[in-house]
file protein-v1.txt (compact mmCIF, C-alpha atoms and all ligand atoms)
# COMPACT_ATOMS: atom_id res chain seq x y z
CA MET A 1 -10.33 7.17 27.86
CA SER A 2 -10.32 6.81 31.65
CA GLU A 3 -7.47 8.16 33.73
CA GLN A 4 -7.23 6.02 36.82
CA PHE A 5 -5.89 8.63 39.19
CA GLN A 6 -8.41 8.14 42.00
CA SER A 7 -7.21 4.76 43.25
CA LEU A 8 -3.50 5.56 42.92
CA PRO A 9 -1.31 6.71 45.83
CA PRO A 10 -0.39 10.44 45.67
CA ASP A 11 3.21 9.82 44.62
CA HIS A 12 2.22 7.41 41.79
CA PRO A 13 2.78 8.71 38.22
CA PRO A 14 -0.46 9.23 36.25
CA VAL A 15 -1.57 6.16 34.29
CA LYS A 16 -3.68 6.55 31.18
CA THR A 17 -5.66 3.50 30.11
CA GLY A 18 -8.87 2.52 28.39
CA GLY A 19 -8.21 4.16 25.03
CA VAL A 20 -8.60 2.59 21.59
CA GLY A 21 -6.11 3.25 18.80
CA VAL A 22 -5.91 2.55 15.08
CA LEU A 23 -2.54 2.46 13.31
CA LEU A 24 -2.67 2.70 9.51
CA VAL A 25 0.48 1.27 7.94
CA ASN A 26 1.79 1.45 4.41
CA LEU A 27 5.01 0.32 2.79
CA GLY A 28 7.44 3.18 3.28
CA THR A 29 9.23 5.70 1.20
CA PRO A 30 12.46 7.70 1.28
CA ASP A 31 12.66 10.95 3.30
CA ALA A 32 13.86 12.87 0.25
CA PRO A 33 14.19 12.22 -3.49
CA ASP A 34 17.98 12.02 -3.46
CA ALA A 35 20.26 9.03 -3.95
CA ARG A 36 21.43 9.00 -0.31
CA SER A 37 17.91 8.90 1.15
CA VAL A 38 16.76 6.35 -1.42
CA LYS A 39 19.78 4.16 -0.62
CA ARG A 40 18.96 4.22 3.12
CA TYR A 41 15.34 3.31 2.38
CA LEU A 42 16.18 0.54 -0.10
CA ALA A 43 18.79 -0.93 2.25
CA GLU A 44 16.13 -1.41 4.94
CA PHE A 45 13.36 -2.52 2.55
CA LEU A 46 15.40 -4.96 0.50
CA SER A 47 17.10 -6.47 3.58
CA ASP A 48 13.73 -7.69 4.84
CA PRO A 49 13.77 -11.50 4.39
CA ARG A 50 9.98 -11.36 3.81
CA VAL A 51 10.65 -9.21 0.72
CA VAL A 52 13.70 -10.89 -0.79
CA GLU A 53 13.58 -14.58 0.06
CA ILE A 54 17.20 -15.37 -0.70
CA PRO A 55 19.53 -16.44 2.14
CA ALA A 56 21.25 -13.34 3.58
CA LEU A 57 24.71 -14.83 2.97
CA VAL A 58 23.98 -14.89 -0.75
CA TRP A 59 21.74 -11.80 -1.01
CA GLN A 60 23.57 -9.23 1.14
CA PRO A 61 26.73 -9.13 -1.05
CA ILE A 62 24.53 -8.66 -4.14
CA LEU A 63 22.44 -6.00 -2.39
CA ARG A 64 25.44 -4.05 -1.03
CA GLY A 65 27.74 -4.62 -4.03
CA ILE A 66 25.36 -4.16 -6.94
CA VAL A 67 21.79 -3.04 -6.11
CA LEU A 68 22.65 -0.27 -3.64
CA THR A 69 25.44 1.05 -5.82
CA THR A 70 23.31 1.40 -8.95
CA ARG A 71 19.59 1.62 -8.14
CA PRO A 72 19.40 4.60 -5.73
CA LYS A 73 20.50 7.10 -8.39
CA LYS A 74 17.98 5.77 -10.91
CA SER A 75 15.16 5.54 -8.37
CA ALA A 76 15.91 9.02 -6.98
CA HIS A 77 15.44 10.38 -10.49
CA ALA A 78 12.05 8.65 -10.65
CA TYR A 79 11.06 9.94 -7.18
CA ARG A 80 11.92 13.50 -8.21
CA GLN A 81 9.31 13.31 -10.96
CA VAL A 82 6.47 12.60 -8.53
CA TRP A 83 7.65 14.40 -5.34
CA THR A 84 5.21 17.01 -4.00
CA GLU A 85 5.38 20.05 -1.71
CA LYS A 86 4.15 17.74 1.04
CA GLY A 87 6.92 15.23 0.30
CA SER A 88 6.54 11.70 -1.01
CA PRO A 89 3.02 11.09 -2.34
CA LEU A 90 2.75 7.80 -0.44
CA ALA A 91 3.52 9.45 2.91
CA ALA A 92 1.43 12.57 2.24
CA ILE A 93 -1.63 10.54 1.21
CA THR A 94 -1.30 8.10 4.11
CA ALA A 95 -1.11 11.06 6.53
CA GLU A 96 -4.26 12.51 4.96
CA GLN A 97 -6.06 9.17 5.22
CA ALA A 98 -5.23 9.06 8.94
CA GLU A 99 -6.40 12.65 9.44
CA ARG A 100 -9.68 12.04 7.65
CA LEU A 101 -10.26 8.75 9.44
CA GLN A 102 -9.67 10.52 12.76
CA ALA A 103 -12.33 13.10 11.84
CA ARG A 104 -14.79 10.32 10.96
CA LEU A 105 -14.18 8.22 14.07
CA GLY A 106 -14.15 11.14 16.52
CA ASP A 107 -12.30 11.61 19.79
CA GLY A 108 -13.12 8.15 21.15
CA VAL A 109 -10.44 6.59 18.92
CA GLN A 110 -6.85 7.76 18.34
CA VAL A 111 -5.73 7.31 14.74
CA GLY A 112 -2.04 7.20 13.81
CA TRP A 113 -0.08 6.21 10.73
CA ALA A 114 3.28 4.58 10.16
CA MET A 115 5.49 3.14 7.47
CA ARG A 116 6.97 -0.36 7.49
CA TYR A 117 10.29 1.00 6.22
CA GLY A 118 11.51 4.50 7.07
CA GLN A 119 9.51 7.11 8.96
CA PRO A 120 7.27 7.33 10.92
CA ALA A 121 8.35 3.97 12.34
CA ILE A 122 5.79 1.43 13.56
CA ALA A 123 7.54 1.09 16.94
CA ASP A 124 7.43 4.85 17.58
CA GLU A 125 3.78 5.17 16.63
CA LEU A 126 2.74 2.16 18.73
CA ALA A 127 4.62 3.68 21.68
CA ARG A 128 2.90 7.02 21.10
CA LEU A 129 -0.56 5.42 21.04
CA LYS A 130 0.31 3.52 24.20
CA GLN A 131 1.55 6.76 25.79
CA VAL A 132 -1.77 8.52 25.19
CA GLY A 133 -3.60 5.65 26.85
CA CYS A 134 -4.51 3.22 24.06
CA ASP A 135 -4.42 -0.26 25.48
CA ARG A 136 -6.37 -1.68 22.55
CA ILE A 137 -4.90 -1.11 19.10
CA LEU A 138 -6.09 -2.10 15.65
CA LEU A 139 -3.11 -2.51 13.33
CA ALA A 140 -4.29 -1.82 9.78
CA PRO A 141 -1.84 -2.71 6.97
CA LEU A 142 -3.34 -0.85 4.00
CA TYR A 143 -3.00 -3.77 1.59
CA PRO A 144 -6.27 -5.08 0.17
CA GLN A 145 -4.58 -8.33 -0.96
CA TYR A 146 -2.64 -10.35 1.62
CA CYS A 147 1.01 -10.92 0.82
CA ALA A 148 3.78 -12.15 3.11
CA ALA A 149 6.03 -9.41 1.67
CA THR A 150 3.61 -6.67 2.74
CA THR A 151 0.91 -7.66 5.27
CA ALA A 152 2.90 -10.24 7.24
CA THR A 153 5.98 -8.09 7.58
CA VAL A 154 3.90 -5.27 9.12
CA VAL A 155 2.54 -7.69 11.70
CA ASP A 156 6.06 -9.06 12.35
CA LYS A 157 7.39 -5.56 12.93
CA ALA A 158 4.58 -4.63 15.32
CA ALA A 159 5.15 -7.89 17.19
CA ASP A 160 8.87 -7.04 17.48
CA SER A 161 7.95 -3.85 19.25
CA LEU A 162 5.37 -5.54 21.53
CA ARG A 163 8.17 -7.91 22.52
CA THR A 164 9.99 -4.97 24.13
CA MET A 165 7.00 -3.75 26.18
CA ARG A 166 6.31 -4.66 29.78
CA TRP A 167 2.66 -3.61 29.51
CA GLN A 168 1.47 -4.54 26.04
CA PRO A 169 -1.69 -3.22 24.41
CA ALA A 170 -4.19 -5.77 23.12
CA MET A 171 -3.76 -5.93 19.38
CA ARG A 172 -6.04 -6.76 16.47
CA THR A 173 -5.07 -6.74 12.80
CA LEU A 174 -7.20 -5.70 9.85
CA PRO A 175 -7.64 -8.72 7.58
CA ALA A 176 -7.08 -8.48 3.84
CA TYR A 177 -10.19 -7.08 2.16
CA HIS A 178 -9.62 -8.11 -1.47
CA ASP A 179 -13.16 -9.49 -1.94
CA ASP A 180 -15.02 -7.37 0.57
CA PRO A 181 -18.09 -5.73 -1.00
CA LEU A 182 -17.11 -2.49 0.76
CA TYR A 183 -13.84 -2.44 -1.19
CA ILE A 184 -15.19 -3.69 -4.50
CA ASP A 185 -18.09 -1.22 -4.44
CA ALA A 186 -15.82 1.70 -3.45
CA LEU A 187 -13.45 0.89 -6.31
CA ALA A 188 -16.28 0.37 -8.82
CA ALA A 189 -17.87 3.72 -7.91
CA ASP A 190 -14.60 5.65 -7.83
CA LEU A 191 -13.12 4.18 -11.03
CA GLY A 192 -16.49 4.45 -12.77
CA ALA A 193 -16.66 8.19 -11.96
CA GLN A 194 -13.09 8.70 -13.18
CA LEU A 195 -13.84 6.88 -16.45
CA ASP A 196 -16.99 8.95 -16.99
CA ALA A 197 -14.98 12.15 -16.52
CA LEU A 198 -12.50 11.27 -19.31
CA ASP A 199 -12.81 12.97 -22.70
CA PHE A 200 -12.54 9.58 -24.42
CA ALA A 201 -14.05 6.13 -23.95
CA PRO A 202 -11.32 3.51 -23.30
CA ASP A 203 -11.58 0.20 -25.16
CA LEU A 204 -9.66 -1.51 -22.39
CA LEU A 205 -9.18 -1.07 -18.63
CA LEU A 206 -5.92 -2.61 -17.38
CA LEU A 207 -5.96 -3.57 -13.71
CA SER A 208 -2.31 -3.51 -12.71
CA PHE A 209 -1.21 -5.07 -9.41
CA HIS A 210 2.27 -4.98 -7.91
CA GLY A 211 4.17 -8.08 -8.99
CA MET A 212 5.80 -10.77 -6.86
CA PRO A 213 8.27 -13.55 -7.67
CA ALA A 214 6.25 -16.39 -9.28
CA ARG A 215 7.76 -18.81 -6.75
CA THR A 216 5.73 -17.20 -3.93
CA LEU A 217 2.54 -18.52 -5.54
CA GLU A 218 3.94 -22.06 -5.48
CA LEU A 219 5.02 -21.53 -1.86
CA GLY A 220 1.39 -20.85 -0.91
CA ASP A 221 1.13 -17.07 -0.81
CA PRO A 222 -2.51 -16.19 -1.56
CA TYR A 223 -1.56 -12.85 -3.15
CA HIS A 224 -1.92 -13.89 -6.80
CA CYS A 225 -5.32 -15.53 -6.22
CA GLN A 226 -6.57 -12.55 -4.24
CA CYS A 227 -5.55 -10.15 -7.03
CA GLN A 228 -7.38 -12.29 -9.57
CA LYS A 229 -10.49 -12.40 -7.40
CA THR A 230 -10.46 -8.61 -6.88
CA ALA A 231 -10.19 -8.16 -10.64
CA ARG A 232 -13.04 -10.58 -11.36
CA LEU A 233 -15.38 -9.00 -8.79
CA LEU A 234 -14.47 -5.49 -9.90
CA GLU A 235 -15.18 -6.26 -13.54
CA ALA A 236 -18.60 -7.64 -12.58
CA ALA A 237 -19.38 -4.67 -10.32
CA MET A 238 -18.35 -2.09 -12.93
CA ASN A 239 -20.71 -3.61 -15.49
CA ARG A 240 -19.21 -2.00 -18.59
CA PRO A 241 -20.03 -4.42 -21.43
CA ASN A 242 -18.31 -2.20 -24.03
CA MET A 243 -14.96 -2.19 -22.27
CA ARG A 244 -12.49 -5.08 -22.06
CA PHE A 245 -10.69 -5.75 -18.76
CA ALA A 246 -7.24 -7.29 -18.29
CA THR A 247 -5.22 -8.08 -15.16
CA THR A 248 -1.46 -7.50 -15.14
CA PHE A 249 1.48 -7.35 -12.70
CA GLN A 250 3.99 -4.50 -12.59
CA SER A 251 7.35 -3.52 -11.05
CA ARG A 252 9.40 -6.62 -11.79
CA PHE A 253 12.61 -6.66 -9.73
CA GLY A 254 15.63 -8.86 -10.35
CA LYS A 255 16.21 -11.80 -12.66
CA ALA A 256 13.80 -14.42 -11.30
CA LYS A 257 10.46 -15.16 -12.96
CA TRP A 258 7.70 -12.88 -11.66
CA LEU A 259 3.92 -13.14 -11.86
CA GLU A 260 2.66 -12.61 -15.38
CA PRO A 261 1.46 -11.03 -17.59
CA ALA A 262 3.70 -8.03 -17.02
CA THR A 263 2.01 -4.62 -17.26
CA ASP A 264 4.67 -3.06 -19.52
CA ALA A 265 4.60 -6.02 -21.94
CA VAL A 266 0.78 -5.96 -22.16
CA LEU A 267 0.74 -2.19 -22.80
CA GLU A 268 3.05 -2.72 -25.76
CA GLU A 269 1.28 -5.83 -27.09
CA GLU A 270 -2.12 -4.15 -26.87
CA ALA A 271 -0.91 -1.08 -28.74
CA ARG A 272 0.80 -3.22 -31.39
CA SER A 273 -2.31 -5.31 -31.90
CA GLY A 274 -4.49 -2.24 -32.45
CA ALA A 275 -5.75 -0.98 -29.07
CA LYS A 276 -5.95 2.80 -29.36
CA ARG A 277 -7.60 3.99 -26.14
CA ILE A 278 -6.64 2.57 -22.81
CA ALA A 279 -7.13 3.32 -19.12
CA ILE A 280 -5.07 1.82 -16.33
CA ALA A 281 -5.93 1.45 -12.64
CA ALA A 282 -3.99 0.00 -9.70
CA PRO A 283 -6.59 -1.48 -7.32
CA GLY A 284 -3.97 -3.09 -5.05
CA PHE A 285 -2.50 0.28 -4.02
CA SER A 286 -4.40 2.23 -1.34
CA ALA A 287 -2.48 5.36 -2.18
CA ASP A 288 -0.77 6.74 -5.24
CA CYS A 289 2.98 6.35 -5.04
CA LEU A 290 6.05 5.95 -7.18
CA GLU A 291 4.69 2.73 -8.69
CA THR A 292 1.46 4.32 -9.95
CA LEU A 293 2.56 7.92 -10.63
CA GLU A 294 5.88 7.21 -12.32
CA GLU A 295 5.83 3.60 -13.48
CA LEU A 296 2.24 3.62 -14.77
CA ALA A 297 1.23 7.24 -15.40
CA ILE A 298 4.55 8.40 -16.89
CA ARG A 299 6.43 5.36 -18.20
CA GLY A 300 3.31 3.33 -19.00
CA ARG A 301 1.93 6.19 -21.08
CA GLU A 302 5.24 6.53 -22.98
CA GLN A 303 5.34 2.77 -23.68
CA PHE A 304 1.74 2.66 -24.93
CA LEU A 305 2.03 5.74 -27.16
CA ALA A 306 5.42 4.68 -28.55
CA ALA A 307 3.92 1.33 -29.60
CA GLY A 308 1.06 2.97 -31.53
CA GLY A 309 -1.60 3.72 -28.90
CA GLU A 310 -3.44 7.05 -29.11
CA ARG A 311 -5.13 7.84 -25.80
CA PHE A 312 -4.00 6.81 -22.33
CA ALA A 313 -5.42 7.59 -18.88
CA ALA A 314 -3.94 6.54 -15.54
CA LEU A 315 -6.73 6.50 -12.94
CA ALA A 316 -6.07 7.57 -9.36
CA CYS A 317 -6.08 5.19 -6.38
CA LEU A 318 -8.77 5.50 -3.70
CA ASN A 319 -6.38 7.76 -1.71
CA ALA A 320 -8.18 10.01 0.79
CA GLY A 321 -11.24 10.50 -1.43
CA ASP A 322 -14.78 10.05 -0.14
CA ALA A 323 -15.32 6.54 -1.55
CA GLY A 324 -12.05 5.24 -0.09
CA MET A 325 -12.54 6.93 3.27
CA ALA A 326 -16.11 5.64 3.65
CA MET A 327 -14.75 2.14 2.93
CA LEU A 328 -11.89 2.47 5.43
CA ASP A 329 -14.21 3.89 8.07
CA ALA A 330 -16.58 0.92 7.68
CA LEU A 331 -13.78 -1.70 7.60
CA VAL A 332 -12.17 -0.22 10.71
CA ARG A 333 -15.42 0.11 12.66
CA ARG A 334 -16.17 -3.54 11.93
CA GLU A 335 -12.79 -4.62 13.32
CA LEU A 336 -13.27 -2.37 16.38
CA SER A 337 -16.51 -4.13 17.22
CA GLY A 338 -16.77 -4.65 20.98
CA TRP A 339 -14.06 -2.03 21.56
CA ILE A 340 -16.14 0.99 20.54
CA ASN A 341 -19.84 1.63 20.24
CA CYS A 342 -20.55 0.82 16.58
CA PRO A 343 -21.53 2.10 14.09
C1 LIG B 401 11.92 -7.98 -4.33
C2 LIG B 401 11.52 -6.77 -4.47
C3 LIG B 401 10.14 -6.29 -4.23
C4 LIG B 401 9.00 -6.97 -3.83
C5 LIG B 401 8.84 -8.44 -3.53
C6 LIG B 401 7.95 -6.00 -3.71
C7 LIG B 401 6.62 -6.27 -3.34
C8 LIG B 401 5.62 -5.33 -3.18
N1 LIG B 401 5.77 -3.94 -3.15
C9 LIG B 401 4.53 -3.36 -2.98
C10 LIG B 401 4.24 -1.99 -2.91
C11 LIG B 401 5.15 -0.98 -3.21
N2 LIG B 401 6.44 -1.13 -3.69
C12 LIG B 401 6.99 0.11 -3.86
C13 LIG B 401 8.28 0.38 -4.28
C14 LIG B 401 9.27 -0.57 -4.53
N3 LIG B 401 9.13 -1.93 -4.57
C15 LIG B 401 10.37 -2.52 -4.77
C16 LIG B 401 10.66 -3.90 -4.79
C17 LIG B 401 9.78 -4.91 -4.38
N4 LIG B 401 8.46 -4.79 -4.06
C18 LIG B 401 11.34 -1.47 -4.89
C19 LIG B 401 12.82 -1.68 -5.12
C20 LIG B 401 10.66 -0.26 -4.73
C21 LIG B 401 11.29 1.13 -4.64
C22 LIG B 401 11.31 1.89 -5.83
C23 LIG B 401 12.27 1.38 -6.84
O1 LIG B 401 13.48 1.46 -6.65
O2 LIG B 401 11.77 0.84 -7.85
C24 LIG B 401 6.02 1.10 -3.48
C25 LIG B 401 6.18 2.60 -3.61
C26 LIG B 401 7.02 3.29 -2.55
C27 LIG B 401 7.05 4.78 -2.71
O3 LIG B 401 7.94 5.36 -2.10
O4 LIG B 401 6.25 5.40 -3.39
C28 LIG B 401 4.88 0.42 -3.06
C29 LIG B 401 3.62 1.03 -2.54
C30 LIG B 401 3.57 -4.40 -2.88
C31 LIG B 401 2.07 -4.18 -2.69
C32 LIG B 401 4.24 -5.62 -3.01
C33 LIG B 401 3.75 -7.00 -2.98
C34 LIG B 401 2.53 -7.36 -3.14
FE FE B 402 7.34 -2.96 -4.28
FE FE B 403 8.53 0.27 -9.79
call {"tool": "encode", "arguments": {"input": "protein-v1.txt", "output": "structure tokens"}}
result
Amino acid sequence: MSEQFQSLPPDHPPVKTGGVGVLLVNLGTPDAPDARSVKRYLAEFLSDPRVVEIPALVWQPILRGIVLTTRPKKSAHAYRQVWTEKGSPLAAITAEQAERLQARLGDGVQVGWAMRYGQPAIADELARLKQVGCDRILLAPLYPQYCAATTATVVDKAADSLRTMRWQPAMRTLPAYHDDPLYIDALAADLGAQLDALDFAPDLLLLSFHGMPARTLELGDPYHCQCQKTARLLEAAMNRPNMRFATTFQSRFGKAKWLEPATDAVLEEEARSGAKRIAIAAPGFSADCLETLEELAIRGREQFLAAGGERFAALACLNAGDAGMAMLDALVRRELSGWINCP
């Protein structure tokens, strides 16, 4: 980073320029596992028109009158079951990913992290990177599969904050990496090691992705196709001829039709039709969070065992483990090409 003091007049404030920044962004999470904090978080998240594509005039009364009066209490109970000493798993793991990426990239790049909803806010972290002299920033939404409700809304939010700046940084965005060999190979190695460490051999590996309203597929969102492609490539890379694979979609919200098959329904059907040993992984999540730790690992297990299954394992996400960090390091260095000396 060069500080251009020499050419400035003596009374000019110091100007830091020439730095390169990376901002990792994930979805967002409440500040605490209580109904008030969850309500504040859900109000921001579910008011995003990229997330709920219903006209505000129709949706806001439903959100304020029904969803935000009932869901926060239920969700806070779920959050309490997965909360850690370091806070929400999603935030703690994202912070660790940023820390470990910083160590890998060295002092020549400033790594930050932010959440699309809640704290730390994208605008604050972009301002901080700018403040320390980054005039080139790679915005990295940590979503392997592109979705308007996740990837695009991160870019929108960053653009909102650029709109307020007189002196904007140059900005690049990390493209979706759903079929990138770096991602597929990292997942295959990491999931393979987790399967080998189990004390049973699963008959079936469920690959559960976050769901979306089915209508978004018809509207041209590539999310569903990218999930299917990840699943196909992952199955080939894992090369486990004795294990079946299935792709499912979790976390249905609201009354509309969502992408199918639904994870909870498949867990029950599989158990009822004789599957005894099952493992479940969530390749679309970069970090473990409420959706993997509570919905899959706790409720998914209960559903499978109650329907007659015998053994159940929920596999961890890539998180800040070596396979995931090596992948992120390589993806980020590729996007920083021309900005830093690679590799
Ligand atoms: C219309 C509602 C929702 C859409 C569309 C949606 C898409 C979507 N979400 C993720 C990733 C995550 N979602 C998480 C939590 C979560 N998601 C919804 C609703 C929609 N998601 C809600 C209401 C919640 C909050 C919890 C609850 O009340 O059930 C999380 C976890 C956050 C955490 O704090 O741990 C993640 C991650 C993706 C990838 C996605 C579309 C592809
Ligand atoms: Fe979600
Ligand atoms: Fe959920």
call {"tool": "residues_around", "arguments": {"input": "protein-v1.txt", "residues": "Tyr117 of chain A", "least_positions_apart": "2", "cutoff": "7 Å", "atoms": "all atoms listed in the file", "output": "list of chain:residue names"}}
result
A:Leu27, A:Gly28, A:Thr29, A:Tyr41, A:Glu44, A:Phe45, A:Met115, A:Gln119
call {"tool": "residues_near_ligand", "arguments": {"input": "protein-v1.txt", "ligand": "ligand LIG 401 (chain B)", "cutoff": "7 Å", "atoms": "only C-alpha atoms and all ligand atoms", "output": "PyMOL selection string"}}
result
chain A and resi 27-30+42+46+51-52+71-72+75+88-90+143+147+149-150+210-213+223+251+253+284-285+289-291
call {"tool": "closest_residue", "arguments": {"input": "protein-v1.txt", "among": "A:Arg100, A:Lys86, A:Lys74, A:Arg215", "to": "Glu260 of chain A", "atoms": "all atoms listed in the file"}}
result
A:Arg215
call {"tool": "residues_near_point", "arguments": {"input": "protein-v1.txt", "point": "(-1.7, 1.0, 19.8)", "cutoff": "8 Å", "atoms": "only C-alpha atoms", "output": "MDAnalysis selection string"}}
result
chainID A and resid 20:23 125:130 134:139 169:171
call {"tool": "closest_residue", "arguments": {"input": "protein-v1.txt", "among": "A:Pro175, A:Gln303, A:Asn341, A:Arg240", "to": "Glu269 of chain A", "atoms": "all atoms listed in the file"}}
result
A:Gln303
call {"tool": "residues_around", "arguments": {"input": "protein-v1.txt", "residues": "Ala176 of chain A", "least_positions_apart": "4", "cutoff": "8 Å", "atoms": "only C-alpha atoms", "output": "number ranges by chain"}}
result
A: 143-146
call {"tool": "atom_distance", "arguments": {"input": "protein-v1.txt", "atom1": "atom CA of Glu235 of chain A", "atom2": "atom CA of Pro181 of chain A"}}
result
12.9 Å
call {"tool": "closest_residue", "arguments": {"input": "protein-v1.txt", "among": "A:Asp221, A:Glu295, A:Glu302, A:Glu96", "to": "ligand FE 403 (chain B)", "atoms": "only C-alpha atoms and all ligand atoms"}}
result
A:Glu295
call {"tool": "closest_residue", "arguments": {"input": "protein-v1.txt", "among": "A:Ala265, A:Ala78, A:Val38, A:Ala282", "to": "ligand FE 403 (chain B)", "atoms": "all atoms listed in the file"}}
result
A:Ala78
call {"tool": "closest_residue", "arguments": {"input": "protein-v1.txt", "among": "A:Ser286, A:Thr263, A:Thr153, A:Asn26", "to": "ligand FE 403 (chain B)", "atoms": "all atoms listed in the file"}}
result
A:Thr263
call {"tool": "residues_around", "arguments": {"input": "protein-v1.txt", "residues": "segment 313-325 of chain A", "least_positions_apart": "3", "cutoff": "7 Å", "atoms": "all atoms listed in the file", "output": "PyMOL selection string"}}
result
chain A and resi 93+96-97+101+186+190+194+278-283+285-288+296-297+328-329
call {"tool": "closest_residue", "arguments": {"input": "protein-v1.txt", "among": "A:Val332, A:Asp156, A:Arg50, A:Gly192", "to": "ligand FE 402 (chain B)", "atoms": "all atoms listed in the file"}}
result
A:Arg50
call {"tool": "atom_distance", "arguments": {"input": "protein-v1.txt", "atom1": "atom CA of Arg244 of chain A", "atom2": "atom CA of Leu204 of chain A"}}
result
4.6 Å
call {"tool": "atom_distance", "arguments": {"input": "protein-v1.txt", "atom1": "atom CA of Met238 of chain A", "atom2": "atom CA of Leu187 of chain A"}}
result
8.8 Å
call {"tool": "decode", "arguments": {"input": "protein-v1.txt", "residues": "segment 271-288 of chain A", "atoms": "N, CA and C atoms", "output": "PDB file, in the first residue's frame"}}
result
ATOM      1  N   ALA A 271     -36.624 -43.586   4.986  1.00  0.00           N
ATOM      2  CA  ALA A 271     -36.694 -44.451   6.175  1.00  0.00           C
ATOM      3  C   ALA A 271     -37.851 -45.435   6.044  1.00  0.00           C
ATOM      4  N   ARG A 272     -39.009 -44.938   5.564  1.00  0.00           N
ATOM      5  CA  ARG A 272     -40.182 -45.811   5.453  1.00  0.00           C
ATOM      6  C   ARG A 272     -39.980 -46.892   4.397  1.00  0.00           C
ATOM      7  N   SER A 273     -39.161 -46.584   3.378  1.00  0.00           N
ATOM      8  CA  SER A 273     -38.977 -47.608   2.347  1.00  0.00           C
ATOM      9  C   SER A 273     -37.720 -48.439   2.616  1.00  0.00           C
ATOM     10  N   GLY A 274     -37.185 -48.358   3.825  1.00  0.00           N
ATOM     11  CA  GLY A 274     -36.166 -49.337   4.236  1.00  0.00           C
ATOM     12  C   GLY A 274     -34.742 -48.835   4.376  1.00  0.00           C
ATOM     13  N   ALA A 275     -34.464 -47.574   4.059  1.00  0.00           N
ATOM     14  CA  ALA A 275     -33.090 -47.075   4.242  1.00  0.00           C
ATOM     15  C   ALA A 275     -32.796 -47.037   5.747  1.00  0.00           C
ATOM     16  N   LYS A 276     -31.685 -47.601   6.133  1.00  0.00           N
ATOM     17  CA  LYS A 276     -31.348 -47.670   7.570  1.00  0.00           C
ATOM     18  C   LYS A 276     -30.236 -46.713   7.946  1.00  0.00           C
ATOM     19  N   ARG A 277     -29.260 -46.548   7.050  1.00  0.00           N
ATOM     20  CA  ARG A 277     -28.081 -45.728   7.381  1.00  0.00           C
ATOM     21  C   ARG A 277     -27.953 -44.601   6.370  1.00  0.00           C
ATOM     22  N   ILE A 278     -27.930 -43.405   6.867  1.00  0.00           N
ATOM     23  CA  ILE A 278     -27.945 -42.257   5.968  1.00  0.00           C
ATOM     24  C   ILE A 278     -26.958 -41.191   6.444  1.00  0.00           C
ATOM     25  N   ALA A 279     -26.353 -40.502   5.482  1.00  0.00           N
ATOM     26  CA  ALA A 279     -25.553 -39.308   5.814  1.00  0.00           C
ATOM     27  C   ALA A 279     -26.138 -38.152   5.023  1.00  0.00           C
ATOM     28  N   ILE A 280     -25.992 -36.957   5.569  1.00  0.00           N
ATOM     29  CA  ILE A 280     -26.544 -35.780   4.893  1.00  0.00           C
ATOM     30  C   ILE A 280     -25.483 -34.694   4.873  1.00  0.00           C
ATOM     31  N   ALA A 281     -25.352 -34.031   3.717  1.00  0.00           N
ATOM     32  CA  ALA A 281     -24.376 -32.941   3.582  1.00  0.00           C
ATOM     33  C   ALA A 281     -25.090 -31.757   2.942  1.00  0.00           C
ATOM     34  N   ALA A 282     -24.558 -30.563   3.156  1.00  0.00           N
ATOM     35  CA  ALA A 282     -25.187 -29.349   2.625  1.00  0.00           C
ATOM     36  C   ALA A 282     -24.148 -28.560   1.821  1.00  0.00           C
ATOM     37  N   PRO A 283     -23.903 -28.980   0.576  1.00  0.00           N
ATOM     38  CA  PRO A 283     -22.789 -28.407  -0.194  1.00  0.00           C
ATOM     39  C   PRO A 283     -22.995 -26.939  -0.579  1.00  0.00           C
ATOM     40  N   GLY A 284     -24.234 -26.443  -0.494  1.00  0.00           N
ATOM     41  CA  GLY A 284     -24.494 -25.056  -0.883  1.00  0.00           C
ATOM     42  C   GLY A 284     -24.180 -24.061   0.235  1.00  0.00           C
ATOM     43  N   PHE A 285     -23.917 -24.559   1.431  1.00  0.00           N
ATOM     44  CA  PHE A 285     -23.621 -23.681   2.571  1.00  0.00           C
ATOM     45  C   PHE A 285     -22.117 -23.665   2.799  1.00  0.00           C
ATOM     46  N   SER A 286     -21.507 -22.473   2.789  1.00  0.00           N
ATOM     47  CA  SER A 286     -20.060 -22.374   3.037  1.00  0.00           C
ATOM     48  C   SER A 286     -19.745 -22.571   4.503  1.00  0.00           C
ATOM     49  N   ALA A 287     -20.729 -22.329   5.338  1.00  0.00           N
ATOM     50  CA  ALA A 287     -20.493 -22.393   6.780  1.00  0.00           C
ATOM     51  C   ALA A 287     -21.702 -23.022   7.455  1.00  0.00           C
ATOM     52  N   ASP A 288     -21.445 -23.794   8.480  1.00  0.00           N
ATOM     53  CA  ASP A 288     -22.560 -24.344   9.243  1.00  0.00           C
ATOM     54  C   ASP A 288     -23.343 -23.214   9.904  1.00  0.00           C
TER      55      ASP A 288
END
